[in-house]
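Scroll down for the structure; my scribbles are underneath it.
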Amino acid sequence: MRPDSICPDSEALISYLYDEFEEGAVHDRRSVARHLDACDRCAAEIAAFGSVRETLATWKAPDAMLGFRVVQEPPAGARRWWPSWSPAFQMAAAATLVAGAALGLARIDIQYDASGLRVRTGWGQPEATSAAVGNATGAALGTPDATVQATSVVTPDPTLAGTTLPRDASSVVNVRSRAAGATLVSQPVTSAATAQAPWRTDLALLERQLRTELASLRQGQGAVAAPAGSDSSNPVWLRQVQQLIDQSEVRQQQNLALRMAEVSRDFDVQRRSDLVLIEQSFDRLAGQDAQQQRMLMNAIRVNQQQPPR
Amino acid sequence: MASTDEELVARSIGGDTDSFNQLVVRWERPIYALAYRVIGREEDARDVCQETFLRAFRSLNGFRGQAKFSSWLYRIALNLCRDWIRRERRAPLVQAPEGVDLIELASEQGPAESIEDLVARRNVSTIVERAMSLLSEEQRTAIVLKEYQGLTFQEIADLQGCPLSTVKTRLYQGLTVLRRELERQGVADPFKVNTPEHVRLPRPLTEPT
């Protein structure tokens, strides 16, 4: 019996079907082809499989809106926290921090009432006695600037009832210190002196700046204010701004491209959906026509079959 | 000139997300088509496709290049498909073609023809889909990988974790079932192709160029 007359196993037929033989296999393409020439059954099987494969080729996966993209967040440790803060918030936070630290160090007591603003610094002296103690000690020390002036509003000590504060005085600053046994140095500060104090100018400046920036933020302008003291001609600052603008433009372009692609896809899907509906409508109309024709033919046939009277 | 998969993978491992996204653009449709043909549901196939790329991205450092990037992706996708099939515990369902109103069709037709038959008759693609759903998961996967993804027997064996001869057996058995079903539906005509020389199929459909 010739080897070609023996039907190859299913693996050899599959190898032949896909034209993929391993080296050293029992059957190769030529031997299987010779057998197919002689064996109708195997040839028919291969032909049927070929037909199945052609039919399989018509199976298309439906279109889908894919467009997956990986967007990687920076690692938490390397993430820059400060860009998410606007300069106004940065400065407000910094100012709060500095003020808090200063308050903590100086132990400043701030009161504001009808008589004006009172800022008191020092360590742990009861308020009611502080002025008196300050008065006495200051006098004892004989410091020329230790003159204590206090109003009854500030220090309701009867011993100080005679002392007066100018009506325009808005604040009294009592500075006391127990360092090295020294009890205090109290300095009354008139409104005129306060107005000329350098910190007041800075405070007013800071307040104005914060108000301006908060107002601009509220208006949703989103404008990035330059940090205090920065020069608009600073090249580093300008470069950063330019980079931010460039990044924003790139993001906008990407978003626009994405939207365009989505619109295009939506349009395509809608178009094909409409085509399917139109095709169905035509099919339905054709079916109705065919049915009417059949009914007509039946009616004609029935009429023709009726016996003559 | 477009970068190869290997070059893009190397750059992706170095932290270049754009390179990975180029790989996504290149392979998302084949992976989606594979998932769709294996599990048979559009939405779920899309989820599988998305998850495949997410997993690939997360485990890029584990990809040592011992296999082709596409094979690696196929493996991830097939594992996800297998998980989906086991989770669903049901055979893939046949979906009606887009825009076909089953209730309307049913009202137009007599009781002799079921809705499924009617839909199938309207679309050869649906017949194929139904025939494929008759196969076991292993047979269906082998046929999809061979017919539509154009993988070699050896690549399929690696993906399915079985001997090469098993892959051929699955293909043979799967094609036999399909042949019977398609002939029953009057789609596949065994006499259409007369000589074995004509049985070569077109190139894989979804392999990117």
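Quick note on naming: the chains in the structure tokens go A, B, ... in the order shown, residues restart at 1 in each chain, and ligands are numbered from 1 in order of appearance.
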Exercise answer, chain A residues close to chain B, 10 Å and only C-alpha atoms, as an mmCIF file with N, CA and C atoms, in the first residue's frame:
data_model
loop_
_atom_site.group_PDB
_atom_site.id
_atom_site.type_symbol
_atom_site.label_atom_id
_atom_site.label_comp_id
_atom_site.auth_asym_id
_atom_site.auth_seq_id
_atom_site.Cartn_x
_atom_site.Cartn_y
_atom_site.Cartn_z
ATOM 1 N N ASP A 9 -3.879 12.069 9.364
ATOM 2 C CA ASP A 9 -4.718 12.376 10.533
ATOM 3 C C ASP A 9 -5.209 13.829 10.468
ATOM 4 N N SER A 10 -6.068 14.154 11.431
ATOM 5 C CA SER A 10 -6.679 15.494 11.414
ATOM 6 C C SER A 10 -5.641 16.605 11.569
ATOM 7 N N GLU A 11 -4.583 16.323 12.324
ATOM 8 C CA GLU A 11 -3.558 17.357 12.514
ATOM 9 C C GLU A 11 -2.885 17.696 11.191
ATOM 10 N N ALA A 12 -2.639 16.652 10.377
ATOM 11 C CA ALA A 12 -2.001 16.903 9.078
ATOM 12 C C ALA A 12 -2.933 17.679 8.160
ATOM 13 N N LEU A 13 -4.213 17.360 8.245
ATOM 14 C CA LEU A 13 -5.167 18.105 7.407
ATOM 15 C C LEU A 13 -5.219 19.579 7.819
ATOM 16 N N ILE A 14 -5.192 19.815 9.138
ATOM 17 C CA ILE A 14 -5.210 21.204 9.620
ATOM 18 C C ILE A 14 -3.921 21.921 9.195
ATOM 19 N N SER A 15 -2.815 21.227 9.286
ATOM 20 C CA SER A 15 -1.546 21.842 8.851
ATOM 21 C C SER A 15 -1.616 22.201 7.374
ATOM 22 N N TYR A 16 -2.234 21.311 6.598
ATOM 23 C CA TYR A 16 -2.370 21.588 5.167
ATOM 24 C C TYR A 16 -3.328 22.765 4.936
ATOM 25 N N LEU A 17 -4.400 22.772 5.704
ATOM 26 C CA LEU A 17 -5.399 23.827 5.538
ATOM 27 C C LEU A 17 -4.794 25.207 5.780
ATOM 28 N N TYR A 18 -3.961 25.291 6.810
ATOM 29 C CA TYR A 18 -3.355 26.584 7.138
ATOM 30 C C TYR A 18 -1.938 26.709 6.576
ATOM 31 N N ASP A 19 -1.531 25.711 5.808
ATOM 32 C CA ASP A 19 -0.203 25.721 5.194
ATOM 33 C C ASP A 19 0.884 26.018 6.230
ATOM 34 N N GLU A 20 0.838 25.221 7.289
ATOM 35 C CA GLU A 20 1.793 25.461 8.368
ATOM 36 C C GLU A 20 2.252 24.104 8.913
ATOM 37 N N PHE A 21 3.353 23.610 8.364
ATOM 38 C CA PHE A 21 3.887 22.312 8.781
ATOM 39 C C PHE A 21 5.126 22.525 9.655
ATOM 40 N N GLU A 22 5.249 21.699 10.675
ATOM 41 C CA GLU A 22 6.440 21.781 11.511
ATOM 42 C C GLU A 22 7.553 20.979 10.850
ATOM 43 N N ALA A 33 -0.849 16.813 -0.241
ATOM 44 C CA ALA A 33 -1.434 17.207 -1.531
ATOM 45 C C ALA A 33 -1.570 15.985 -2.439
ATOM 46 N N LEU A 36 -4.546 14.050 -1.297
ATOM 47 C CA LEU A 36 -5.826 14.700 -1.644
ATOM 48 C C LEU A 36 -6.180 14.472 -3.108
ATOM 49 N N ASP A 37 -5.164 14.384 -3.934
ATOM 50 C CA ASP A 37 -5.441 14.114 -5.341
ATOM 51 C C ASP A 37 -6.098 12.749 -5.525
ATOM 52 N N CYS A 42 -11.121 13.069 1.731
ATOM 53 C CA CYS A 42 -10.265 14.078 2.372
ATOM 54 C C CYS A 42 -10.296 15.386 1.587
ATOM 55 N N ALA A 43 -10.341 15.287 0.259
ATOM 56 C CA ALA A 43 -10.388 16.509 -0.560
ATOM 57 C C ALA A 43 -11.670 17.275 -0.280
ATOM 58 N N ALA A 44 -12.776 16.539 -0.122
ATOM 59 C CA ALA A 44 -14.054 17.202 0.164
ATOM 60 C C ALA A 44 -14.019 17.857 1.537
ATOM 61 N N GLU A 45 -13.368 17.203 2.464
ATOM 62 C CA GLU A 45 -13.288 17.777 3.815
ATOM 63 C C GLU A 45 -12.479 19.069 3.808
ATOM 64 N N ILE A 46 -11.365 19.027 3.118
ATOM 65 C CA ILE A 46 -10.540 20.243 3.031
ATOM 66 C C ILE A 46 -11.314 21.352 2.314
ATOM 67 N N ALA A 47 -12.022 20.981 1.254
ATOM 68 C CA ALA A 47 -12.804 21.996 0.527
ATOM 69 C C ALA A 47 -13.882 22.593 1.424
ATOM 70 N N ALA A 48 -14.524 21.733 2.229
ATOM 71 C CA ALA A 48 -15.574 22.234 3.129
ATOM 72 C C ALA A 48 -14.984 23.160 4.180
ATOM 73 N N PHE A 49 -13.846 22.778 4.704
ATOM 74 C CA PHE A 49 -13.199 23.651 5.693
ATOM 75 C C PHE A 49 -12.819 24.995 5.061
ATOM 76 N N GLY A 50 -12.376 24.950 3.826
ATOM 77 C CA GLY A 50 -12.038 26.197 3.135
ATOM 78 C C GLY A 50 -13.249 27.091 2.995
ATOM 79 N N SER A 51 -14.373 26.462 2.695
ATOM 80 C CA SER A 51 -15.604 27.238 2.574
ATOM 81 C C SER A 51 -16.011 27.831 3.919
ATOM 82 N N VAL A 52 -15.832 27.041 4.976
ATOM 83 C CA VAL A 52 -16.138 27.554 6.317
ATOM 84 C C VAL A 52 -15.262 28.757 6.623
ATOM 85 N N ARG A 53 -14.005 28.669 6.267
ATOM 86 C CA ARG A 53 -13.086 29.784 6.554
ATOM 87 C C ARG A 53 -13.496 31.039 5.779
ATOM 88 N N GLU A 54 -13.926 30.841 4.570
ATOM 89 C CA GLU A 54 -14.378 32.018 3.810
ATOM 90 C C GLU A 54 -15.593 32.663 4.458
ATOM 91 N N THR A 55 -16.479 31.818 4.975
ATOM 92 C CA THR A 55 -17.647 32.374 5.659
ATOM 93 C C THR A 55 -17.244 33.072 6.948
ATOM 94 N N LEU A 56 -16.295 32.470 7.659
ATOM 95 C CA LEU A 56 -15.834 33.093 8.900
ATOM 96 C C LEU A 56 -15.270 34.490 8.648
ATOM 97 N N ALA A 57 -14.681 34.654 7.461
ATOM 98 C CA ALA A 57 -14.067 35.953 7.149
ATOM 99 C C ALA A 57 -15.094 37.070 7.062
ATOM 100 N N THR A 58 -16.367 36.709 6.936
ATOM 101 C CA THR A 58 -17.398 37.756 6.848
ATOM 102 C C THR A 58 -17.808 38.282 8.214
ATOM 103 N N TRP A 59 -17.354 37.614 9.251
ATOM 104 C CA TRP A 59 -17.766 38.017 10.594
ATOM 105 C C TRP A 59 -16.884 39.163 11.072
ATOM 106 N N LYS A 60 -17.455 40.317 11.096
ATOM 107 C CA LYS A 60 -16.709 41.505 11.515
ATOM 108 C C LYS A 60 -17.121 41.883 12.936
ATOM 109 N N ALA A 61 -16.140 42.282 13.676
ATOM 110 C CA ALA A 61 -16.467 42.832 14.997
ATOM 111 C C ALA A 61 -17.098 44.201 14.805
ATOM 112 N N PRO A 62 -18.136 44.501 15.554
ATOM 113 C CA PRO A 62 -18.787 45.811 15.380
ATOM 114 C C PRO A 62 -17.849 46.945 15.759
ATOM 115 N N ASP A 63 -18.074 48.054 15.106
ATOM 116 C CA ASP A 63 -17.286 49.231 15.447
ATOM 117 C C ASP A 63 -17.614 49.666 16.864
ATOM 118 N N ALA A 64 -16.607 50.094 17.520
ATOM 119 C CA ALA A 64 -16.817 50.561 18.887
ATOM 120 C C ALA A 64 -16.011 51.819 19.107
ATOM 121 N N MET A 65 -16.530 52.649 19.994
ATOM 122 C CA MET A 65 -15.783 53.856 20.338
ATOM 123 C C MET A 65 -14.735 53.483 21.377
ATOM 124 N N LEU A 66 -13.547 53.324 20.902
ATOM 125 C CA LEU A 66 -12.477 52.906 21.821
ATOM 126 C C LEU A 66 -11.734 54.151 22.305
ATOM 127 N N GLY A 67 -10.595 54.406 21.716
ATOM 128 C CA GLY A 67 -9.875 55.632 22.081
ATOM 129 C C GLY A 67 -9.382 55.645 23.515
ATOM 130 N N PHE A 68 -8.961 54.472 24.010
ATOM 131 C CA PHE A 68 -8.410 54.451 25.361
ATOM 132 C C PHE A 68 -7.073 55.172 25.376
ATOM 133 N N ARG A 69 -6.834 55.912 26.387
ATOM 134 C CA ARG A 69 -5.524 56.536 26.572
ATOM 135 C C ARG A 69 -5.145 56.449 28.042
ATOM 136 N N VAL A 70 -3.894 56.194 28.262
ATOM 137 C CA VAL A 70 -3.413 56.113 29.632
ATOM 138 C C VAL A 70 -2.921 57.487 30.049
ATOM 139 N N VAL A 71 -3.440 57.962 31.133
ATOM 140 C CA VAL A 71 -2.983 59.243 31.688
ATOM 141 C C VAL A 71 -2.384 58.946 33.037
ATOM 142 N N GLN A 72 -1.107 59.188 33.144
ATOM 143 C CA GLN A 72 -0.413 58.806 34.367
ATOM 144 C C GLN A 72 -0.338 59.990 35.305
ATOM 145 N N VAL A 269 -21.914 56.704 13.407
ATOM 146 C CA VAL A 269 -22.823 55.711 13.990
ATOM 147 C C VAL A 269 -24.264 56.045 13.634
ATOM 148 N N ARG A 272 -24.976 55.242 9.972
ATOM 149 C CA ARG A 272 -25.185 53.822 9.683
ATOM 150 C C ARG A 272 -26.495 53.309 10.266
ATOM 151 N N SER A 273 -26.839 53.848 11.421
ATOM 152 C CA SER A 273 -28.113 53.464 12.013
ATOM 153 C C SER A 273 -29.274 53.864 11.096
ATOM 154 N N ASP A 274 -29.164 55.063 10.554
ATOM 155 C CA ASP A 274 -30.207 55.520 9.633
ATOM 156 C C ASP A 274 -30.275 54.643 8.390
ATOM 157 N N LEU A 275 -29.121 54.257 7.899
ATOM 158 C CA LEU A 275 -29.095 53.401 6.713
ATOM 159 C C LEU A 275 -29.776 52.064 6.981
ATOM 160 N N VAL A 276 -29.519 51.513 8.175
ATOM 161 C CA VAL A 276 -30.159 50.245 8.525
ATOM 162 C C VAL A 276 -31.672 50.404 8.547
ATOM 163 N N LEU A 277 -32.121 51.514 9.151
ATOM 164 C CA LEU A 277 -33.559 51.740 9.213
ATOM 165 C C LEU A 277 -34.156 51.909 7.819
ATOM 166 N N GLN A 280 -34.382 48.582 6.225
ATOM 167 C CA GLN A 280 -35.508 47.811 6.769
ATOM 168 C C GLN A 280 -36.836 48.285 6.185
ATOM 169 N N ARG A 284 -39.413 46.082 4.139
ATOM 170 C CA ARG A 284 -40.813 45.938 4.531
ATOM 171 C C ARG A 284 -41.746 46.271 3.363
#
Could you please determine the separation between CA of Tyr74 (chain B) and CA of Leu145 (chain B) in Å, to one decimal place?
-> 9.0 Å
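Counting from CA of Arg29 (chain A), the distance to CA of Gly150 (chain B) is 19.4 Å.
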